[in-house]
file run-v9.cif (mmCIF, C-alpha atoms and all ligand atoms)
data_target
#
loop_
_atom_site.label_atom_id
_atom_site.label_comp_id
_atom_site.auth_asym_id
_atom_site.auth_seq_id
_atom_site.Cartn_x
_atom_site.Cartn_y
_atom_site.Cartn_z
CA MET A 575 0.00 0.00 0.00
CA GLY A 576 1.34 3.42 -0.98
CA SER A 577 2.09 6.23 1.41
CA MET A 578 -0.85 8.40 2.43
CA HIS A 579 1.23 11.47 1.61
CA VAL A 580 0.01 11.88 -1.90
CA ASP A 581 0.83 15.18 -3.59
CA LEU A 582 -2.35 16.63 -5.04
CA ARG A 583 -0.27 19.36 -6.70
CA GLU A 584 1.42 16.87 -8.99
CA SER A 585 0.74 17.08 -12.70
CA TRP A 586 -0.31 14.14 -14.85
CA ALA A 587 -1.59 13.77 -18.38
CA ILE A 588 -4.41 12.48 -20.54
CA GLY A 589 -2.69 11.73 -23.83
CA PRO A 590 -0.90 14.97 -24.74
CA VAL A 591 -3.01 17.10 -22.38
CA GLU A 592 -1.16 18.06 -19.22
CA VAL A 593 -3.33 18.33 -16.11
CA PRO A 594 -1.64 20.49 -13.46
CA THR A 595 -3.24 19.01 -10.33
CA ARG A 596 -4.75 15.67 -9.36
CA LEU A 597 -8.15 17.19 -8.72
CA VAL A 598 -10.86 17.19 -11.39
CA LEU A 599 -14.10 19.14 -11.13
CA ALA A 600 -17.05 16.85 -11.91
CA PRO A 601 -19.46 17.37 -14.77
CA MET A 602 -22.86 18.19 -13.28
CA ALA A 603 -25.99 18.88 -15.29
CA GLY A 604 -27.59 22.14 -14.17
CA VAL A 605 -24.44 23.15 -12.31
CA SER A 606 -21.26 23.03 -14.43
CA VAL A 607 -21.66 26.31 -16.30
CA GLN A 608 -18.62 28.27 -17.41
CA ALA A 609 -18.66 30.36 -14.23
CA PHE A 610 -18.51 27.18 -12.13
CA ARG A 611 -15.67 25.75 -14.18
CA ARG A 612 -13.62 28.95 -14.18
CA GLN A 613 -14.05 29.23 -10.44
CA GLY A 614 -13.02 25.59 -10.06
CA ARG A 615 -9.80 26.24 -11.96
CA ARG A 616 -9.08 29.27 -9.77
CA PHE A 617 -9.48 27.15 -6.63
CA GLY A 618 -7.15 24.38 -7.75
CA ALA A 619 -8.98 21.96 -10.04
CA GLY A 620 -6.50 20.79 -12.68
CA LEU A 621 -9.23 19.82 -15.13
CA VAL A 622 -12.84 20.93 -15.46
CA CYS A 623 -15.68 19.42 -17.43
CA SER A 624 -18.88 20.72 -19.00
CA GLU A 625 -22.17 19.15 -18.10
CA MET A 626 -23.31 16.42 -20.47
CA VAL A 627 -24.28 17.80 -23.86
CA SER A 628 -26.82 16.01 -26.04
CA CYS A 629 -25.34 14.75 -29.25
CA ALA A 630 -28.80 15.00 -30.86
CA GLY A 631 -29.01 18.63 -29.72
CA ILE A 632 -25.68 19.34 -31.39
CA GLU A 633 -26.77 17.53 -34.54
CA HIS A 634 -29.94 19.62 -34.77
CA ARG A 635 -28.09 22.84 -33.91
CA ASN A 636 -30.31 23.41 -30.91
CA GLU A 637 -29.42 26.89 -29.72
CA LYS A 638 -29.41 26.07 -26.00
CA THR A 639 -27.28 22.97 -26.62
CA LEU A 640 -24.75 24.93 -28.64
CA GLY A 641 -24.47 27.35 -25.73
CA TYR A 642 -22.91 24.50 -23.74
CA LEU A 643 -20.03 24.46 -26.22
CA ARG A 644 -18.83 27.96 -25.29
CA VAL A 645 -15.35 27.76 -23.84
CA ALA A 646 -13.74 30.59 -21.85
CA ALA A 647 -10.12 31.56 -22.22
CA ASP A 648 -9.26 30.78 -18.60
CA GLU A 649 -10.78 27.34 -18.18
CA HIS A 650 -8.24 25.19 -20.02
CA PRO A 651 -7.67 22.33 -19.74
CA LEU A 652 -11.33 21.59 -20.24
CA ALA A 653 -13.29 18.51 -21.24
CA ILE A 654 -16.68 18.75 -22.89
CA GLN A 655 -18.88 15.75 -22.24
CA ILE A 656 -21.30 14.37 -24.83
CA PHE A 657 -23.99 11.72 -24.60
CA GLY A 658 -25.84 9.76 -27.24
CA SER A 659 -26.12 6.24 -28.63
CA ASP A 660 -25.41 6.57 -32.34
CA PRO A 661 -21.70 6.18 -33.17
CA ALA A 662 -21.75 8.34 -36.32
CA ALA A 663 -23.68 11.15 -34.64
CA MET A 664 -21.36 10.99 -31.63
CA GLY A 665 -18.37 11.29 -33.97
CA GLU A 666 -19.92 14.38 -35.54
CA ALA A 667 -20.68 15.89 -32.14
CA ALA A 668 -17.09 15.24 -31.08
CA ARG A 669 -15.86 17.21 -34.11
CA MET A 670 -17.91 20.18 -32.94
CA VAL A 671 -16.54 19.81 -29.44
CA GLU A 672 -13.02 19.89 -30.82
CA ALA A 673 -13.80 22.88 -33.04
CA ALA A 674 -15.26 24.69 -30.02
CA GLY A 675 -11.85 24.54 -28.36
CA ALA A 676 -12.16 21.70 -25.85
CA ASP A 677 -8.94 19.92 -24.89
CA ILE A 678 -10.62 16.57 -24.30
CA VAL A 679 -13.91 15.03 -25.41
CA ASP A 680 -15.54 12.98 -22.68
CA ILE A 681 -18.24 10.39 -23.31
CA ASN A 682 -21.01 9.81 -20.78
CA PHE A 683 -21.66 6.13 -20.00
CA GLY A 684 -22.83 6.89 -16.50
CA CYS A 685 -26.03 8.90 -16.51
CA PRO A 686 -28.72 6.93 -14.65
CA VAL A 687 -31.60 9.30 -15.38
CA ARG A 688 -34.48 7.70 -17.27
CA LYS A 689 -34.86 10.56 -19.76
CA VAL A 690 -31.35 9.69 -20.97
CA THR A 691 -31.23 5.90 -20.48
CA LYS A 692 -34.49 5.33 -22.36
CA THR A 693 -32.79 6.70 -25.48
CA GLY A 694 -30.10 4.01 -25.12
CA ALA A 695 -27.51 6.52 -23.90
CA GLY A 696 -25.72 7.05 -20.59
CA ALA A 697 -25.34 4.12 -18.22
CA THR A 698 -27.40 1.72 -20.40
CA LEU A 699 -24.40 1.43 -22.70
CA LEU A 700 -22.62 -0.53 -19.97
CA ASP A 701 -25.08 -3.30 -20.86
CA ASP A 702 -24.12 -3.14 -24.53
CA PRO A 703 -20.29 -3.13 -24.56
CA GLU A 704 -20.19 -3.76 -28.29
CA LEU A 705 -22.09 -0.56 -29.07
CA ALA A 706 -20.20 1.33 -26.34
CA CYS A 707 -16.93 0.37 -28.04
CA ARG A 708 -18.22 1.41 -31.45
CA ILE A 709 -19.13 4.81 -30.02
CA VAL A 710 -15.67 5.27 -28.48
CA ALA A 711 -13.97 4.18 -31.71
CA ALA A 712 -16.12 6.52 -33.82
CA VAL A 713 -15.35 9.45 -31.53
CA ALA A 714 -11.63 8.65 -31.38
CA ASP A 715 -11.56 8.44 -35.19
CA ALA A 716 -13.32 11.76 -35.58
CA VAL A 717 -11.00 13.96 -33.52
CA GLU A 718 -7.35 14.64 -32.78
CA ILE A 719 -7.93 15.53 -29.12
CA PRO A 720 -7.94 12.68 -26.59
CA VAL A 721 -11.16 10.85 -25.77
CA SER A 722 -12.13 9.92 -22.23
CA VAL A 723 -15.08 7.98 -20.81
CA LYS A 724 -17.00 8.44 -17.57
CA MET A 725 -18.98 5.49 -16.28
CA ARG A 726 -20.75 3.90 -13.34
CA ARG A 727 -19.93 0.43 -11.95
CA GLY A 728 -22.81 -1.03 -13.94
CA LEU A 729 -26.57 -0.82 -14.22
CA ARG A 730 -27.71 -2.96 -11.32
CA ASP A 731 -26.69 -3.04 -7.67
CA GLY A 732 -23.59 -5.12 -7.07
CA SER A 733 -22.63 -5.05 -10.76
CA TRP A 734 -18.94 -5.37 -11.66
CA ASP A 735 -19.53 -4.64 -15.36
CA CYS A 736 -17.18 -1.64 -15.36
CA LEU A 737 -14.28 -4.07 -14.91
CA SER A 738 -15.08 -6.00 -18.07
CA VAL A 739 -16.23 -3.03 -20.13
CA GLY A 740 -13.48 -0.58 -19.06
CA PRO A 741 -10.52 -2.37 -20.67
CA ARG A 742 -12.51 -2.81 -23.89
CA LEU A 743 -13.21 0.94 -24.01
CA VAL A 744 -9.48 1.57 -23.69
CA GLU A 745 -8.82 -0.83 -26.53
CA ALA A 746 -11.40 1.08 -28.58
CA GLY A 747 -9.53 4.34 -28.03
CA ALA A 748 -10.30 5.83 -24.60
CA ARG A 749 -7.21 7.59 -23.21
CA SER A 750 -8.63 7.92 -19.69
CA LEU A 751 -11.50 6.43 -17.65
CA THR A 752 -13.47 8.03 -14.84
CA LEU A 753 -15.29 5.62 -12.56
CA HIS A 754 -18.15 6.57 -10.25
CA PRO A 755 -18.48 3.19 -8.53
CA ARG A 756 -22.18 3.26 -7.78
CA SER A 757 -24.68 1.36 -9.90
CA ALA A 758 -27.14 3.29 -12.04
CA GLN A 759 -29.89 1.70 -9.95
CA GLN A 760 -28.36 3.24 -6.83
CA MET A 761 -28.54 6.77 -8.29
CA TYR A 762 -26.87 8.69 -5.43
CA THR A 763 -27.80 6.44 -2.48
CA GLY A 764 -25.38 4.24 -0.55
CA SER A 765 -21.73 4.96 -1.08
CA ALA A 766 -19.15 4.81 -3.86
CA ASP A 767 -17.19 1.56 -3.58
CA HIS A 768 -13.67 2.57 -4.54
CA ARG A 769 -12.43 -1.02 -4.27
CA LEU A 770 -13.71 -1.23 -7.83
CA THR A 771 -11.66 1.81 -8.74
CA ALA A 772 -8.54 0.02 -7.47
CA GLU A 773 -9.42 -3.06 -9.56
CA LEU A 774 -9.96 -0.96 -12.66
CA VAL A 775 -6.60 0.80 -12.19
CA ASP A 776 -4.93 -2.63 -12.22
CA LEU A 777 -6.69 -3.62 -15.44
CA VAL A 778 -5.91 -0.64 -17.69
CA ASP A 779 -2.81 1.27 -18.73
CA VAL A 780 -4.50 4.67 -18.98
CA PRO A 781 -5.09 7.11 -16.10
CA VAL A 782 -8.19 6.44 -14.02
CA ILE A 783 -10.09 9.21 -12.24
CA ALA A 784 -11.93 8.27 -9.05
CA SER A 785 -15.35 9.90 -8.62
CA GLY A 786 -17.75 9.62 -5.71
CA ASP A 787 -18.00 10.89 -2.13
CA ILE A 788 -14.74 12.82 -2.13
CA THR A 789 -15.33 15.85 0.06
CA SER A 790 -12.10 16.33 2.02
CA ARG A 791 -8.35 16.18 1.65
CA ALA A 792 -8.17 13.15 3.92
CA LYS A 793 -10.65 11.25 1.75
CA ALA A 794 -8.91 12.35 -1.46
CA GLN A 795 -5.53 11.18 -0.21
CA ALA A 796 -6.92 7.90 1.05
CA VAL A 797 -8.63 7.17 -2.28
CA LEU A 798 -5.54 8.10 -4.30
CA ALA A 799 -3.28 6.01 -2.09
CA THR A 800 -5.49 2.93 -1.95
CA THR A 801 -6.65 2.87 -5.58
CA GLY A 802 -3.64 4.09 -7.55
CA ALA A 803 -5.95 6.46 -9.41
CA ALA A 804 -4.30 9.36 -11.24
CA ALA A 805 -6.77 11.88 -9.86
CA VAL A 806 -9.90 12.37 -7.80
CA MET A 807 -13.05 14.06 -9.05
CA VAL A 808 -15.18 16.26 -6.82
CA GLY A 809 -18.83 17.01 -7.57
CA ARG A 810 -21.39 17.72 -4.87
CA GLY A 811 -18.68 18.72 -2.41
CA ALA A 812 -17.86 21.73 -4.58
CA GLN A 813 -21.44 22.99 -4.94
CA GLY A 814 -21.41 26.48 -3.45
CA ASN A 815 -18.13 25.56 -1.83
CA PRO A 816 -15.06 26.20 -3.97
CA TRP A 817 -13.09 26.41 -0.70
CA ALA A 818 -13.42 22.63 -0.47
CA LEU A 819 -11.29 22.37 -3.64
CA ARG A 820 -8.57 24.51 -2.07
CA GLU A 821 -8.67 22.40 1.09
CA ILE A 822 -8.33 19.20 -0.93
CA VAL A 823 -5.48 20.42 -3.12
CA ASP A 824 -3.49 22.50 -0.63
CA GLY A 825 -4.68 21.43 2.81
CA ASP A 826 -5.77 25.03 3.36
CA GLY A 827 -8.86 24.29 5.41
CA GLY A 828 -9.73 27.76 6.64
CA GLU A 829 -13.45 28.54 6.55
CA PRO A 830 -14.14 31.52 4.29
CA THR A 831 -15.32 34.76 5.89
CA ARG A 832 -18.82 36.06 5.13
CA GLU A 833 -17.23 38.67 2.89
CA GLU A 834 -15.39 36.02 0.91
CA VAL A 835 -18.56 33.95 0.52
CA VAL A 836 -20.54 36.95 -0.71
CA ALA A 837 -17.74 38.03 -3.05
CA GLU A 838 -17.57 34.62 -4.73
CA LEU A 839 -21.34 34.37 -4.96
CA VAL A 840 -21.74 37.85 -6.45
CA LEU A 841 -19.01 37.16 -9.01
CA PHE A 842 -20.71 33.87 -9.81
CA ILE A 843 -24.05 35.64 -10.27
CA ARG A 844 -22.58 38.29 -12.57
CA GLU A 845 -20.77 35.75 -14.72
CA THR A 846 -23.76 33.45 -14.93
CA VAL A 847 -26.01 36.32 -16.01
CA ARG A 848 -23.54 37.18 -18.75
CA GLU A 849 -23.42 33.55 -19.81
CA LEU A 850 -27.11 32.57 -19.68
CA GLY A 851 -28.87 35.92 -19.82
CA GLU A 852 -30.86 37.37 -16.90
CA ARG A 853 -34.01 35.33 -17.50
CA ARG A 854 -32.43 31.88 -17.45
CA ALA A 855 -29.81 32.82 -14.88
CA SER A 856 -32.27 34.01 -12.25
CA GLY A 857 -33.94 30.60 -12.03
CA PHE A 858 -30.72 28.65 -12.47
CA LEU A 859 -28.99 30.53 -9.65
CA LYS A 860 -31.58 29.89 -6.92
CA LYS A 861 -30.16 26.55 -5.81
CA PHE A 862 -26.74 28.17 -5.48
CA TYR A 863 -27.98 30.65 -2.85
CA GLY A 864 -28.69 27.82 -0.44
CA TRP A 865 -25.41 26.09 -1.30
CA TYR A 866 -23.28 29.19 -0.72
CA LEU A 867 -25.06 30.64 2.26
CA GLY A 868 -25.78 27.37 4.09
CA ARG A 869 -23.26 25.47 6.20
CA GLY A 870 -24.02 27.90 9.03
CA ARG A 871 -22.60 30.82 7.07
CA PHE A 872 -25.79 32.89 7.03
CA PRO A 873 -29.13 32.59 8.84
CA ARG A 874 -31.75 30.51 7.08
CA PRO A 875 -34.33 33.32 6.67
CA PHE A 876 -31.79 35.31 4.66
CA LYS A 877 -31.44 32.47 2.14
CA GLN A 878 -35.21 32.15 1.89
CA GLU A 879 -35.50 35.86 1.26
CA LEU A 880 -33.13 35.64 -1.72
CA VAL A 881 -34.72 32.59 -3.29
CA VAL A 882 -38.05 34.35 -3.84
CA LEU A 883 -36.43 37.29 -5.65
CA ASP A 884 -36.40 37.19 -9.42
CA ALA A 885 -34.05 40.03 -10.29
CA THR A 886 -30.42 39.02 -9.76
CA GLY A 887 -29.53 42.71 -9.29
CA GLU A 888 -31.75 42.77 -6.20
CA VAL A 889 -30.11 39.56 -4.90
CA GLU A 890 -26.72 41.20 -5.33
CA ARG A 891 -27.90 44.34 -3.53
CA ARG A 892 -29.06 42.36 -0.50
CA LEU A 893 -25.91 40.26 -0.41
CA LEU A 894 -23.75 43.37 -0.39
CA ALA A 895 -25.92 44.95 2.29
CA ALA A 896 -25.30 41.87 4.46
CA ALA A 897 -21.53 41.97 3.87
CA PRO A 898 -20.45 45.42 2.62
CA GLY A 899 -16.78 44.48 2.89
CA ALA A 900 -17.27 42.07 -0.01
CA LEU A 901 -17.24 44.90 -2.53
CA ALA A 902 -13.48 45.44 -2.33
CA LEU A 903 -12.92 41.68 -2.71
CA ILE A 904 -15.12 41.56 -5.80
CA ASP A 905 -13.12 44.37 -7.39
CA GLU A 906 -9.94 42.47 -6.65
CA LEU A 907 -11.33 39.24 -8.09
CA GLU A 908 -12.62 40.92 -11.22
CA ALA A 909 -9.30 42.68 -11.78
CA GLY A 910 -7.60 39.28 -11.90
CA LEU A 911 -9.91 37.83 -14.54
CA PRO A 912 -9.77 38.17 -18.30
CA HIS A 913 -12.06 40.92 -19.54
CA GLY A 914 -14.73 41.39 -22.16
CA ASP A 915 -13.70 39.85 -25.44
CA GLU A 916 -10.95 37.84 -23.83
CA ILE A 917 -13.38 35.77 -21.86
CA THR A 918 -15.29 33.80 -24.41
CA LEU A 919 -13.81 32.34 -27.52
CA GLU A 920 -15.99 32.72 -30.55
CA LEU A 921 -17.80 29.60 -31.61
CA PRO A 922 -16.50 28.36 -34.94
CA ILE A 923 -18.75 29.42 -37.84
CA SER A 924 -19.41 25.79 -38.74
CA ILE A 925 -21.32 25.35 -35.50
CA TYR A 926 -24.08 27.53 -36.89
CA GLY A 927 -24.40 25.21 -39.86
CA GLY A 928 -24.18 26.25 -43.47
CA GLY A 929 -20.50 27.02 -43.81
C1 LIG B 1001 -26.63 17.52 -9.96
C2 LIG B 1001 -25.73 16.50 -10.58
C3 LIG B 1001 -25.59 16.45 -11.95
C4 LIG B 1001 -24.72 15.52 -12.55
N1 LIG B 1001 -24.56 15.55 -13.90
C5 LIG B 1001 -23.63 14.73 -14.48
C6 LIG B 1001 -23.32 14.84 -15.87
O1 LIG B 1001 -23.88 15.67 -16.61
N2 LIG B 1001 -22.41 13.97 -16.38
C7 LIG B 1001 -21.77 13.05 -15.61
O2 LIG B 1001 -20.93 12.29 -16.11
N3 LIG B 1001 -22.01 12.95 -14.29
C8 LIG B 1001 -22.92 13.78 -13.71
N4 LIG B 1001 -23.11 13.71 -12.35
C9 LIG B 1001 -22.32 12.77 -11.54
C10 LIG B 1001 -21.07 13.47 -10.98
O3 LIG B 1001 -20.18 13.85 -12.03
C11 LIG B 1001 -20.29 12.54 -9.99
O4 LIG B 1001 -19.80 11.42 -10.67
C12 LIG B 1001 -21.17 12.09 -8.85
O5 LIG B 1001 -21.94 13.16 -8.32
C13 LIG B 1001 -20.35 11.49 -7.68
O6 LIG B 1001 -19.42 12.40 -7.20
P1 LIG B 1001 -19.65 13.31 -5.87
O7 LIG B 1001 -19.94 12.35 -4.75
O8 LIG B 1001 -18.35 14.04 -5.72
O9 LIG B 1001 -20.82 14.20 -6.13
C14 LIG B 1001 -24.00 14.60 -11.75
C15 LIG B 1001 -24.16 14.65 -10.37
C16 LIG B 1001 -24.99 15.58 -9.77
C17 LIG B 1001 -25.10 15.61 -8.27
#
call {"tool": "encode", "arguments": {"input": "run-v9.cif", "output": "structure tokens"}}
result
Amino acid sequence: MGSMHVDLRESWAIGPVEVPTRLVLAPMAGVSVQAFRRQGRRFGAGLVCSEMVSCAGIEHRNEKTLGYLRVAADEHPLAIQIFGSDPAAMGEAARMVEAAGADIVDINFGCPVRKVTKTGAGATLLDDPELACRIVAAVADAVEIPVSVKMRRGLRDGSWDCLSVGPRLVEAGARSLTLHPRSAQQMYTGSADHRLTAELVDLVDVPVIASGDITSRAKAQAVLATTGAAAVMVGRGAQGNPWALREIVDGDGGEPTREEVVAELVLFIRETVRELGERRASGFLKKFYGWYLGRGRFPRPFKQELVVLDATGEVERRLLAAAPGALALIDELEAGLPHGDEITLELPISIYGGG
């Protein structure tokens, strides 16, 4: 068994893509917007990932779907994750992902949600390794950037299917595997069984990323040391809590002040409004108020007050009234970020079809 003193600040690589730390920010639908990813990079994540993007949505040039392909200048290295069940369409979608500026294209073989699995995508592909391999091969053929796969342990409780399917996906062209060792049936109940992660690491010669229940530095180090994984992935633990990422990477476990919490939240609000527009952002942001202000940081009635507001400007006003000292921190944070045109790379013309 390896030493528990694992260096989270060590770099590693997926194919030619260097990843500066051993912490990866998880793809989360309804959460992993650009603002979340850029913040994750600032707090020590070595790699960030978009939420899963529908390959059918890309194929049909759905405007909202294409919005998920916008990459900011300061989020590299970045993976964009796609889901679908048709190899040719997935190859096409991967080309768009590459053209959009992603460093890695990630394939979702883990989503347990019925809306996705009933289309034959997500975790159901673990039950059809042949098709799963054809998808990986088609994607790997379509792009120059490395292809990675994220999967669950299998569909049903107790399944070990990831251990038979994983090596075949590598043979088909996957340059990295992420394992969330819960079954699809489990959804998010029970716990992630990282003994399977250790087994998978032994079976493949590509880096494995361990996902599931990693919320502290101690847990991250234990999982890295006992599994041999190249990196850990953090999802729910980072919701409204980028400070958890810093604690995991650097061991800097100081609780943020109220001013720091408000500064990060206000910056997050501003960036999300720019990204999604005020109308979509105001609904999208509501869950974040509870995430940021909870954990005993602010009284419950204050959170409830914010959640019923629709204008994000009013939310910002009340946050700043509760912690006026945050204003100077926000200025400082904004001064350190790329500005205006530097932020978002233009989508390639081809994404809009026609050309
Ligand atoms: C709200 C939410 C949305 C998620 N969306 C995705 C997704 O789009 N793609 C994916 O591969 N995994 C998704 N996941 C799974 C996470 O990436 C991660 O594997 C899982 O939450 C376990 O890690 P955690 O315990 O650190 O949260 C999602 C999880 C949550 C909680």
call {"tool": "atom_distance", "arguments": {"input": "run-v9.cif", "atom1": "atom CA of A:Pro661", "atom2": "atom CA of A:Cys629"}}
result
10.1 Å
call {"tool": "closest_atom_pairs", "arguments": {"input": "run-v9.cif", "of": "chain A", "to": "ligand LIG 1001 (chain B)", "cutoff": "10 Å", "atoms": "all atoms listed in the file", "output": "Markdown table"}}
result
| residue | atom | partner | partner_atom | distance |
| --- | --- | --- | --- | --- |
| A:Val598 | CA | B:LIG1001 | O8 | 9.9 |
| A:Leu599 | CA | B:LIG1001 | O3 | 8.1 |
| A:Ala600 | CA | B:LIG1001 | O3 | 4.3 |
| A:Pro601 | CA | B:LIG1001 | O3 | 4.5 |
| A:Met602 | CA | B:LIG1001 | N1 | 3.2 |
| A:Ala603 | CA | B:LIG1001 | N1 | 3.9 |
| A:Gly604 | CA | B:LIG1001 | C1 | 6.3 |
| A:Val605 | CA | B:LIG1001 | C1 | 6.5 |
| A:Ser606 | CA | B:LIG1001 | O1 | 8.1 |
| A:Cys623 | CA | B:LIG1001 | N2 | 8.7 |
| A:Ser624 | CA | B:LIG1001 | O1 | 7.5 |
| A:Glu625 | CA | B:LIG1001 | O1 | 4.2 |
| A:Met626 | CA | B:LIG1001 | O1 | 4.0 |
| A:Val627 | CA | B:LIG1001 | O1 | 7.6 |
| A:Ser628 | CA | B:LIG1001 | O1 | 9.9 |
| A:Ile654 | CA | B:LIG1001 | N2 | 9.9 |
| A:Gln655 | CA | B:LIG1001 | N2 | 7.1 |
| A:Ile656 | CA | B:LIG1001 | N2 | 8.5 |
| A:Phe657 | CA | B:LIG1001 | N2 | 8.7 |
| A:Asp680 | CA | B:LIG1001 | O2 | 8.5 |
| A:Ile681 | CA | B:LIG1001 | O2 | 7.9 |
| A:Asn682 | CA | B:LIG1001 | O2 | 5.3 |
| A:Phe683 | CA | B:LIG1001 | O2 | 7.3 |
| A:Gly684 | CA | B:LIG1001 | O2 | 5.7 |
| A:Cys685 | CA | B:LIG1001 | C7 | 6.0 |
| A:Pro686 | CA | B:LIG1001 | N3 | 9.0 |
| A:Val687 | CA | B:LIG1001 | N1 | 9.5 |
| A:Gly696 | CA | B:LIG1001 | O2 | 8.4 |
| A:Ala697 | CA | B:LIG1001 | O2 | 9.5 |
| A:Val723 | CA | B:LIG1001 | O2 | 8.7 |
| A:Lys724 | CA | B:LIG1001 | O2 | 5.7 |
| A:Met725 | CA | B:LIG1001 | O2 | 7.1 |
| A:Arg726 | CA | B:LIG1001 | O4 | 8.0 |
| A:Thr752 | CA | B:LIG1001 | O4 | 8.3 |
| A:Leu753 | CA | B:LIG1001 | O4 | 7.6 |
| A:His754 | CA | B:LIG1001 | O4 | 5.1 |
| A:Pro755 | CA | B:LIG1001 | C13 | 8.6 |
| A:Arg756 | CA | B:LIG1001 | C13 | 8.4 |
| A:Met761 | CA | B:LIG1001 | C12 | 9.1 |
| A:Tyr762 | CA | B:LIG1001 | O5 | 7.3 |
| A:Ser765 | CA | B:LIG1001 | O7 | 8.4 |
| A:Ala766 | CA | B:LIG1001 | O7 | 7.6 |
| A:Ala784 | CA | B:LIG1001 | O4 | 8.6 |
| A:Ser785 | CA | B:LIG1001 | O6 | 5.0 |
| A:Gly786 | CA | B:LIG1001 | O6 | 3.6 |
| A:Asp787 | CA | B:LIG1001 | O7 | 3.6 |
| A:Ile788 | CA | B:LIG1001 | O8 | 5.2 |
| A:Thr789 | CA | B:LIG1001 | O8 | 6.8 |
| A:Val806 | CA | B:LIG1001 | O8 | 8.9 |
| A:Met807 | CA | B:LIG1001 | O8 | 6.3 |
| A:Val808 | CA | B:LIG1001 | O8 | 4.0 |
| A:Gly809 | CA | B:LIG1001 | O8 | 3.5 |
| A:Arg810 | CA | B:LIG1001 | O9 | 3.8 |
| A:Gly811 | CA | B:LIG1001 | O8 | 5.7 |
| A:Ala812 | CA | B:LIG1001 | O8 | 7.8 |
| A:Gln813 | CA | B:LIG1001 | C17 | 8.9 |
call {"tool": "closest_residue", "arguments": {"input": "run-v9.cif", "among": "A:Glu879, A:Ala896, A:Leu621, A:Val717", "to": "A:Ile783", "atoms": "all atoms listed in the file"}}
result
A:Leu621
call {"tool": "atom_distance", "arguments": {"input": "run-v9.cif", "atom1": "atom CA of A:Arg871", "atom2": "atom CA of A:Phe858"}}
result
21.3 Å
call {"tool": "atom_distance", "arguments": {"input": "run-v9.cif", "atom1": "atom CA of A:Met664", "atom2": "atom CA of A:Ala714"}}
result
10.0 Å
call {"tool": "residues_around", "arguments": {"input": "run-v9.cif", "residues": "A:Val778", "least_positions_apart": "4", "cutoff": "8 Å", "atoms": "only C-alpha atoms", "output": "list in words"}}
result
Gly740, Pro741, Val744 and Leu774 of chain A
call {"tool": "write_last_selection", "arguments": {"input": "run-v9.cif", "atoms": "C-alpha atoms", "output": "JSON list (two decimals), in the frame of the given file"}}
result
[["chain", "number", "residue", "atom", "x", "y", "z"],
["A", 740, "GLY", "CA", -13.48, -0.58, -19.06],
["A", 741, "PRO", "CA", -10.52, -2.37, -20.67],
["A", 744, "VAL", "CA", -9.48, 1.57, -23.69],
["A", 774, "LEU", "CA", -9.96, -0.96, -12.66]]
call {"tool": "closest_residue", "arguments": {"input": "run-v9.cif", "among": "A:Ala695, A:Val889, A:Leu705, A:Ala646", "to": "A:Gly675", "atoms": "only C-alpha atoms"}}
result
A:Ala646
call {"tool": "residues_around", "arguments": {"input": "run-v9.cif", "residues": "A:Leu867", "least_positions_apart": "4", "cutoff": "8 Å", "atoms": "all atoms listed in the file", "output": "PyMOL selection string"}}
result
chain A and resi 814+835+863+871-873+877
call {"tool": "residues_around", "arguments": {"input": "run-v9.cif", "residues": "A:Val710", "least_positions_apart": "2", "cutoff": "8 Å", "atoms": "all atoms listed in the file", "output": "ChimeraX atom specification"}}
result
/A:661,681,706-708,712-714,721,743,746-748
call {"tool": "closest_residue", "arguments": {"input": "run-v9.cif", "among": "A:Glu649, A:Glu704, A:Asp826, A:Glu633", "to": "A:Val593", "atoms": "all atoms listed in the file"}}
result
A:Glu649
call {"tool": "residues_around", "arguments": {"input": "run-v9.cif", "residues": "A:Asp701", "least_positions_apart": "4", "cutoff": "8 Å", "atoms": "only C-alpha atoms", "output": "short mmCIF file (atom, residue, chain, number, x, y, z; two decimals) with C-alpha atoms, in the frame of the given file"}}
result
data_model
loop_
_atom_site.label_atom_id
_atom_site.label_comp_id
_atom_site.auth_asym_id
_atom_site.auth_seq_id
_atom_site.Cartn_x
_atom_site.Cartn_y
_atom_site.Cartn_z
CA ALA A 697 -25.34 4.12 -18.22
CA GLY A 728 -22.81 -1.03 -13.94
CA LEU A 729 -26.57 -0.82 -14.22
CA ASP A 735 -19.53 -4.64 -15.36
#
call {"tool": "residues_around", "arguments": {"input": "run-v9.cif", "residues": "A:Tyr866", "least_positions_apart": "2", "cutoff": "12 Å", "atoms": "only C-alpha atoms", "output": "JSON, numbers by chain"}}
result
{"A": [811, 812, 813, 814, 815, 816, 817, 818, 830, 831, 832, 833, 834, 835, 836, 837, 838, 839, 840, 842, 843, 859, 860, 861, 862, 863, 864, 868, 869, 870, 871, 872, 873, 874, 876, 877, 880, 893]}
call {"tool": "closest_residue", "arguments": {"input": "run-v9.cif", "among": "A:Thr639, A:Phe617, A:Gly851, A:Gly899", "to": "A:Ala885", "atoms": "all atoms listed in the file"}}
result
A:Gly851
call {"tool": "closest_residue", "arguments": {"input": "run-v9.cif", "among": "A:Gly825, A:Ala587, A:Val881, A:Gly887", "to": "A:Glu852", "atoms": "all atoms listed in the file"}}
result
A:Gly887
